[in-house]
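K.L.:
Mind having a look at this structure? Questions to follow.
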Amino acid sequence: MSVVALINKLEATQILSKDEFIYIIDNYTDEDLTYLQEKAVVVRKWYYDNHIYIRGLIEFTNYCVNDCYYCGIRRSNTNASRYRLTKDEILECSDIGYELGFRTYVLQGGEDPYYTDDLLEDIVKSVKEAHPDCAITLSIGERSFESYKRLFDAGADRYLLRHETANDAHYRKLHPDSMSLTNRKQCLQNLKDIGYQVGSGFMVGSPYQTSADLAEDLIYLKSLQPDMVGIGPFISHADTPYKDEVSGMMNLTLLMIGLLRLMLRTALLPSTTALGTIDPQGREQGILSGANVVMPNLSPQGVRDKYLLYDNKICTGDEAAECRFCMQGRMESIGYQIVETRGDAISTIESA
Ligand code: SAH
């Protein structure tokens, strides 16, 4: 079968076998990618028109107990200058974001035990009280079922936890022994069971990743049926064990976004900052491959250049308003329109 035939099959059946995904990944040409992008845009427009959802990203701590080999805020990176935002600082970010039209806040951070369940509960409740019409997304790693439940009951709506890689041997190459794929998948299941809108995802081009690993990522996501999938290229960070590894490729990332759009149809797919970091037109290209979400940075200017998961991260010198309106210009330049709503997934709205 040709790549085009397999893309058509994916569009019709919304799943392929592992070997079929591998065949696409190993053999696609520029023309095949263009063909996929056109199909993916048709599907995304069917459900979401030309609308782009925005999320205000508040990176509230870069302390982390984990030591992931690829990540710039890993515990062992003694060169990282660490910071934490107070509840009041987070609230201030949310107020600024509200004025700028954000109706979703993503609170992201390293795994930082300083933020106990009590403290996070208070933060979530306070943001929700200040902005009851907004959704709160948490992205703070692996926690217990009870912790996830308490934060959900406090008002958190969504949770982002990338599985990072669905292949156990590959997972072992990216993480120390203290972490496990089994636990990460269990966390994702717990989050779903509790009732969160769940996002997962993976890096494209992470060290030692094979086409078979990527195929497994797609098949795992099909079985998980998440509301959101965040993917972006791996980018090396100079203070990590993987500092000399080659960064992920733009075209392969776009291919993955397109395949995800055909496979999961209504999913919320962000065009990520990492994509914008490896190519000046990366985020626009992500949208033109089927993505429908962007996440401008709302973190206070004083800490932006400290939340560095990878090198050369863009927008670290900008103010929240600059990022918001820069993004609007970028989206309009390719015929898309930012909408100032919560931006829930279609499947979630239908089942609500
Ligand atoms: N501590 C949270 C948030 C992690 S940061 C958690 O465990 O979920 C968000 C994402 O950034 C990670 O899931 C990872 O996929 C990505 N990331 C980390 N280091 C990266 C790198 N060097 N290049 C590209 N993406 C990276």
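Numbering starts fresh at 1 for the residues of each chain in the structure tokens, the chains themselves are lettered A, B, ... in the order given, and ligands are numbered from 1 as they appear.
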Near region 172-175 of chain A, counting only C-alpha atoms, which residues have an atom at most 7 Å away, once you skip same-chain residues fewer than 5 positions from it, shown as a ChimeraX atom specification?

P.N.:
/A:68-70

K.L.:
Those selected residues, please, written with all heavy atoms and delivered as a CSV table (one decimal), in the first residue's frame.

P.N.:
chain,number,residue,atom,x,y,z
A,68,CYS,N,14.3,13.4,35.0
A,68,CYS,CA,14.1,13.0,33.6
A,68,CYS,C,15.4,13.4,32.8
A,68,CYS,O,15.8,14.6,32.9
A,68,CYS,CB,12.9,13.6,33.0
A,68,CYS,SG,11.4,13.3,34.0
A,69,TYR,N,15.9,12.5,32.0
A,69,TYR,CA,17.2,12.8,31.4
A,69,TYR,C,17.2,13.9,30.4
A,69,TYR,O,18.2,14.4,30.0
A,69,TYR,CB,17.8,11.5,30.8
A,69,TYR,CG,18.0,10.4,31.7
A,69,TYR,CD1,17.7,9.1,31.3
A,69,TYR,CD2,18.4,10.6,33.0
A,69,TYR,CE1,17.8,8.0,32.2
A,69,TYR,CE2,18.6,9.5,33.9
A,69,TYR,CZ,18.3,8.2,33.5
A,69,TYR,OH,18.4,7.2,34.4
A,70,TYR,N,16.0,14.2,29.9
A,70,TYR,CA,15.9,15.2,28.8
A,70,TYR,C,15.5,16.6,29.2
A,70,TYR,O,15.6,17.5,28.5
A,70,TYR,CB,14.8,14.7,27.8
A,70,TYR,CG,13.5,14.3,28.5
A,70,TYR,CD1,12.6,15.2,28.8
A,70,TYR,CD2,13.3,12.9,28.8
A,70,TYR,CE1,11.4,14.8,29.5
A,70,TYR,CE2,12.1,12.5,29.4
A,70,TYR,CZ,11.2,13.5,29.8
A,70,TYR,OH,10.0,13.1,30.4

K.L.:
Can you pull out every residue with an atom within 9 Å of ligand 1? Use only C-alpha atoms and all ligand atoms and format it as an MDAnalysis selection string.

P.N.:
chainID A and resid 62 64 66 68:74 108:112 139:142 160:164 200:204 206 230:237 240 242:243 247:248 274:275 308:311

K.L.:
Grab the residues selected above and save them as a JSON list (two decimals), in the first residue's frame with C-alpha atoms.

P.N.:
[["chain", "number", "residue", "atom", "x", "y", "z"],
["A", 62, "ASN", "CA", 10.50, 25.00, 38.28],
["A", 64, "CYS", "CA", 11.22, 19.23, 40.51],
["A", 66, "ASN", "CA", 12.25, 14.06, 39.23],
["A", 68, "CYS", "CA", 14.13, 12.99, 33.61],
["A", 69, "TYR", "CA", 17.24, 12.80, 31.43],
["A", 70, "TYR", "CA", 15.89, 15.19, 28.77],
["A", 71, "CYS", "CA", 14.42, 17.95, 30.92],
["A", 72, "GLY", "CA", 16.13, 21.23, 31.80],
["A", 73, "ILE", "CA", 14.42, 21.57, 35.18],
["A", 74, "ARG", "CA", 15.46, 18.07, 36.33],
["A", 108, "GLN", "CA", 2.18, 23.88, 34.98],
["A", 109, "GLY", "CA", 5.24, 23.03, 36.99],
["A", 110, "GLY", "CA", 7.82, 20.53, 38.02],
["A", 111, "GLU", "CA", 6.85, 17.96, 40.62],
["A", 112, "ASP", "CA", 7.30, 20.18, 43.63],
["A", 139, "SER", "CA", -0.02, 19.97, 34.61],
["A", 140, "ILE", "CA", 1.98, 19.02, 37.66],
["A", 141, "GLY", "CA", 2.96, 15.43, 37.06],
["A", 142, "GLU", "CA", 2.24, 12.23, 38.91],
["A", 160, "LEU", "CA", -2.23, 17.41, 31.16],
["A", 161, "LEU", "CA", 0.12, 14.50, 31.69],
["A", 162, "ARG", "CA", 2.09, 13.42, 28.66],
["A", 163, "HIS", "CA", 2.83, 9.73, 28.71],
["A", 164, "GLU", "CA", 6.17, 10.71, 27.02],
["A", 200, "SER", "CA", -1.58, 13.17, 27.15],
["A", 201, "GLY", "CA", 1.18, 13.26, 24.55],
["A", 202, "PHE", "CA", 4.81, 12.69, 23.72],
["A", 203, "MET", "CA", 7.94, 14.27, 22.35],
["A", 204, "VAL", "CA", 8.87, 13.72, 18.72],
["A", 206, "SER", "CA", 13.40, 12.12, 21.72],
["A", 230, "GLY", "CA", 0.18, 17.69, 23.34],
["A", 231, "ILE", "CA", 3.13, 16.85, 21.17],
["A", 232, "GLY", "CA", 6.25, 18.77, 20.28],
["A", 233, "PRO", "CA", 9.77, 18.12, 19.12],
["A", 234, "PHE", "CA", 12.40, 17.09, 21.65],
["A", 235, "ILE", "CA", 14.94, 19.91, 21.97],
["A", 236, "SER", "CA", 18.20, 19.32, 23.79],
["A", 237, "HIS", "CA", 19.10, 21.27, 26.92],
["A", 240, "THR", "CA", 21.13, 17.53, 30.82],
["A", 242, "TYR", "CA", 21.07, 14.41, 26.53],
["A", 243, "LYS", "CA", 22.72, 17.74, 25.74],
["A", 247, "SER", "CA", 16.56, 17.80, 18.31],
["A", 248, "GLY", "CA", 13.31, 16.54, 16.81],
["A", 274, "ALA", "CA", 8.61, 23.73, 21.23],
["A", 275, "LEU", "CA", 7.40, 23.63, 17.62],
["A", 308, "LEU", "CA", 13.59, 26.25, 30.61],
["A", 309, "LEU", "CA", 12.79, 22.65, 29.72],
["A", 310, "TYR", "CA", 14.98, 22.98, 26.60],
["A", 311, "ASP", "CA", 17.38, 25.48, 25.03]]

K.L.:
Quick one: residues within 7 Å of region 9-23 of chain A, only C-alpha atoms, excluding same-chain residues fewer than 2 positions away - as a ChimeraX atom specification?

P.N.:
/A:5-7,25-27,211-212,215-216,262-263

K.L.:
Can those selected residues be exported to a file as a compact mmCIF listing (two decimals), in the first residue's frame so that it contains N, CA and C atoms?

P.N.:
# COMPACT_ATOMS: atom_id res chain seq x y z
N ALA A 5 -2.62 5.86 0.30
CA ALA A 5 -3.69 4.88 0.56
C ALA A 5 -3.87 4.66 2.06
N LEU A 6 -2.76 4.65 2.78
CA LEU A 6 -2.85 4.45 4.23
C LEU A 6 -3.48 5.66 4.92
N ILE A 7 -3.16 6.86 4.42
CA ILE A 7 -3.78 8.07 4.98
C ILE A 7 -5.30 8.00 4.73
N ILE A 25 5.51 6.46 8.64
CA ILE A 25 6.59 7.24 9.26
C ILE A 25 7.91 7.05 8.50
N ASP A 26 8.14 5.85 8.03
CA ASP A 26 9.41 5.56 7.35
C ASP A 26 9.44 5.99 5.88
N ASN A 27 8.27 6.17 5.29
CA ASN A 27 8.26 6.36 3.83
C ASN A 27 7.62 7.65 3.32
N SER A 211 10.67 4.52 14.86
CA SER A 211 9.36 4.63 14.22
C SER A 211 8.35 3.73 14.94
N ALA A 212 8.83 2.58 15.40
CA ALA A 212 7.93 1.66 16.11
C ALA A 212 7.44 2.29 17.41
N ALA A 215 4.73 4.68 16.52
CA ALA A 215 3.51 3.94 16.18
C ALA A 215 2.81 3.49 17.45
N GLU A 216 3.60 3.05 18.43
CA GLU A 216 3.00 2.62 19.71
C GLU A 216 2.36 3.80 20.44
N LEU A 262 -6.56 12.90 12.20
CA LEU A 262 -7.40 11.93 11.50
C LEU A 262 -7.84 10.80 12.42
N MET A 263 -7.01 10.47 13.40
CA MET A 263 -7.31 9.35 14.28
C MET A 263 -8.28 9.72 15.39

K.L.:
Under the rule that only C-alpha atoms are counted, which of A:Ala40, A:Ala154, A:Val3, A:Leu100 is the nearest residue to Gly286 (chain A)?

P.N.:
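Once distances to Gly286 (chain A) are computed over only C-alpha atoms, the minimum belongs to A:Ala40.
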
K.L.:
Output as a PDB file with N, CA and C atoms, in the first residue's frame all residues of region 181-237 of chain A that backbone DSSP marks as alpha helix (DSSP H).

P.N.:
ATOM      1  N   LEU A 181       6.597   3.730  33.520  1.00  0.00           N
ATOM      2  CA  LEU A 181       5.511   3.955  32.560  1.00  0.00           C
ATOM      3  C   LEU A 181       4.203   3.414  33.104  1.00  0.00           C
ATOM      4  N   THR A 182       4.285   2.307  33.832  1.00  0.00           N
ATOM      5  CA  THR A 182       3.077   1.716  34.416  1.00  0.00           C
ATOM      6  C   THR A 182       2.389   2.735  35.328  1.00  0.00           C
ATOM      7  N   ASN A 183       3.188   3.382  36.161  1.00  0.00           N
ATOM      8  CA  ASN A 183       2.594   4.358  37.069  1.00  0.00           C
ATOM      9  C   ASN A 183       2.012   5.547  36.312  1.00  0.00           C
ATOM     10  N   ARG A 184       2.733   5.984  35.271  1.00  0.00           N
ATOM     11  CA  ARG A 184       2.254   7.137  34.514  1.00  0.00           C
ATOM     12  C   ARG A 184       0.915   6.812  33.842  1.00  0.00           C
ATOM     13  N   LYS A 185       0.839   5.611  33.257  1.00  0.00           N
ATOM     14  CA  LYS A 185      -0.430   5.211  32.622  1.00  0.00           C
ATOM     15  C   LYS A 185      -1.538   5.075  33.667  1.00  0.00           C
ATOM     16  N   GLN A 186      -1.177   4.577  34.851  1.00  0.00           N
ATOM     17  CA  GLN A 186      -2.185   4.460  35.921  1.00  0.00           C
ATOM     18  C   GLN A 186      -2.699   5.848  36.311  1.00  0.00           C
ATOM     19  N   CYS A 187      -1.786   6.807  36.388  1.00  0.00           N
ATOM     20  CA  CYS A 187      -2.194   8.185  36.711  1.00  0.00           C
ATOM     21  C   CYS A 187      -3.197   8.687  35.673  1.00  0.00           C
ATOM     22  N   LEU A 188      -2.924   8.420  34.398  1.00  0.00           N
ATOM     23  CA  LEU A 188      -3.828   8.885  33.338  1.00  0.00           C
ATOM     24  C   LEU A 188      -5.197   8.224  33.489  1.00  0.00           C
ATOM     25  N   GLN A 189      -5.195   6.945  33.817  1.00  0.00           N
ATOM     26  CA  GLN A 189      -6.472   6.256  34.016  1.00  0.00           C
ATOM     27  C   GLN A 189      -7.214   6.838  35.211  1.00  0.00           C
ATOM     28  N   ASN A 190      -6.475   7.089  36.304  1.00  0.00           N
ATOM     29  CA  ASN A 190      -7.106   7.677  37.489  1.00  0.00           C
ATOM     30  C   ASN A 190      -7.745   9.021  37.166  1.00  0.00           C
ATOM     31  N   LEU A 191      -7.010   9.828  36.422  1.00  0.00           N
ATOM     32  CA  LEU A 191      -7.521  11.158  36.064  1.00  0.00           C
ATOM     33  C   LEU A 191      -8.819  11.027  35.268  1.00  0.00           C
ATOM     34  N   LYS A 192      -8.846  10.072  34.349  1.00  0.00           N
ATOM     35  CA  LYS A 192     -10.067   9.851  33.561  1.00  0.00           C
ATOM     36  C   LYS A 192     -11.203   9.392  34.461  1.00  0.00           C
ATOM     37  N   ASP A 193     -10.890   8.439  35.342  1.00  0.00           N
ATOM     38  CA  ASP A 193     -11.935   7.888  36.217  1.00  0.00           C
ATOM     39  C   ASP A 193     -12.532   8.978  37.110  1.00  0.00           C
ATOM     40  N   ILE A 194     -11.690   9.907  37.545  1.00  0.00           N
ATOM     41  CA  ILE A 194     -12.178  10.974  38.429  1.00  0.00           C
ATOM     42  C   ILE A 194     -13.091  11.941  37.673  1.00  0.00           C
ATOM     43  N   SER A 211      10.672   4.521  14.862  1.00  0.00           N
ATOM     44  CA  SER A 211       9.356   4.629  14.221  1.00  0.00           C
ATOM     45  C   SER A 211       8.348   3.733  14.937  1.00  0.00           C
ATOM     46  N   ALA A 212       8.826   2.581  15.397  1.00  0.00           N
ATOM     47  CA  ALA A 212       7.929   1.661  16.107  1.00  0.00           C
ATOM     48  C   ALA A 212       7.443   2.290  17.412  1.00  0.00           C
ATOM     49  N   ASP A 213       8.322   3.034  18.091  1.00  0.00           N
ATOM     50  CA  ASP A 213       7.892   3.718  19.327  1.00  0.00           C
ATOM     51  C   ASP A 213       6.786   4.722  19.017  1.00  0.00           C
ATOM     52  N   LEU A 214       6.982   5.494  17.947  1.00  0.00           N
ATOM     53  CA  LEU A 214       5.960   6.492  17.580  1.00  0.00           C
ATOM     54  C   LEU A 214       4.633   5.812  17.227  1.00  0.00           C
ATOM     55  N   ALA A 215       4.729   4.680  16.515  1.00  0.00           N
ATOM     56  CA  ALA A 215       3.510   3.941  16.176  1.00  0.00           C
ATOM     57  C   ALA A 215       2.807   3.485  17.452  1.00  0.00           C
ATOM     58  N   GLU A 216       3.598   3.051  18.426  1.00  0.00           N
ATOM     59  CA  GLU A 216       2.998   2.621  19.705  1.00  0.00           C
ATOM     60  C   GLU A 216       2.362   3.797  20.438  1.00  0.00           C
ATOM     61  N   ASP A 217       2.993   4.983  20.327  1.00  0.00           N
ATOM     62  CA  ASP A 217       2.386   6.172  20.939  1.00  0.00           C
ATOM     63  C   ASP A 217       0.995   6.417  20.366  1.00  0.00           C
ATOM     64  N   LEU A 218       0.880   6.322  19.044  1.00  0.00           N
ATOM     65  CA  LEU A 218      -0.413   6.583  18.405  1.00  0.00           C
ATOM     66  C   LEU A 218      -1.447   5.546  18.841  1.00  0.00           C
ATOM     67  N   ILE A 219      -1.033   4.285  18.876  1.00  0.00           N
ATOM     68  CA  ILE A 219      -1.981   3.220  19.232  1.00  0.00           C
ATOM     69  C   ILE A 219      -2.389   3.332  20.707  1.00  0.00           C
ATOM     70  N   TYR A 220      -1.443   3.689  21.561  1.00  0.00           N
ATOM     71  CA  TYR A 220      -1.790   3.902  22.975  1.00  0.00           C
ATOM     72  C   TYR A 220      -2.804   5.046  23.106  1.00  0.00           C
ATOM     73  N   LEU A 221      -2.568   6.138  22.386  1.00  0.00           N
ATOM     74  CA  LEU A 221      -3.481   7.283  22.481  1.00  0.00           C
ATOM     75  C   LEU A 221      -4.871   6.921  21.963  1.00  0.00           C
ATOM     76  N   LYS A 222      -4.905   6.056  20.956  1.00  0.00           N
ATOM     77  CA  LYS A 222      -6.212   5.616  20.454  1.00  0.00           C
ATOM     78  C   LYS A 222      -6.980   4.884  21.555  1.00  0.00           C
ATOM     79  N   SER A 223      -6.266   4.071  22.319  1.00  0.00           N
ATOM     80  CA  SER A 223      -6.959   3.321  23.372  1.00  0.00           C
ATOM     81  C   SER A 223      -7.296   4.219  24.561  1.00  0.00           C
ATOM     82  N   LEU A 224      -6.455   5.194  24.846  1.00  0.00           N
ATOM     83  CA  LEU A 224      -6.720   6.103  25.977  1.00  0.00           C
ATOM     84  C   LEU A 224      -7.896   7.036  25.677  1.00  0.00           C
TER      85      LEU A 224
END

K.L.:
Kindly indicate which residue among A:Ala238, A:Leu260, A:Leu120, A:Leu57 lies nearest to Asn79 (chain A), using only C-alpha atoms for the distances.

P.N.:
A:Ala238

K.L.:
With only C-alpha atoms as the atoms that count, which of A:Ile90, A:Val293, A:Ile52, A:Ala130 lies nearest to Ile338 (chain A)?

P.N.:
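Distance minimum relative to Ile338 (chain A) lands on A:Ile52.
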
K.L.:
So which bits of region 87-288 of chain A end up strand (DSSP E) when you DSSP the backbone, as a ChimeraX atom specification?

P.N.:
/A:104-109,135-139,158-160,197-204,228-233

K.L.:
Here is a test: counting only C-alpha atoms, which residue of A:Ser94, A:Ile287, A:Gly101, A:Thr61 is nearest to Phe325 (chain A)?

P.N.:
A:Gly101

K.L.:
Here is a test: counting only C-alpha atoms, which residue of A:Ile123, A:Ala156, A:Val65, A:Ala80 is nearest to Met179 (chain A)?

P.N.:
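Checking each candidate against Met179 (chain A), we get A:Val65 as the closest.
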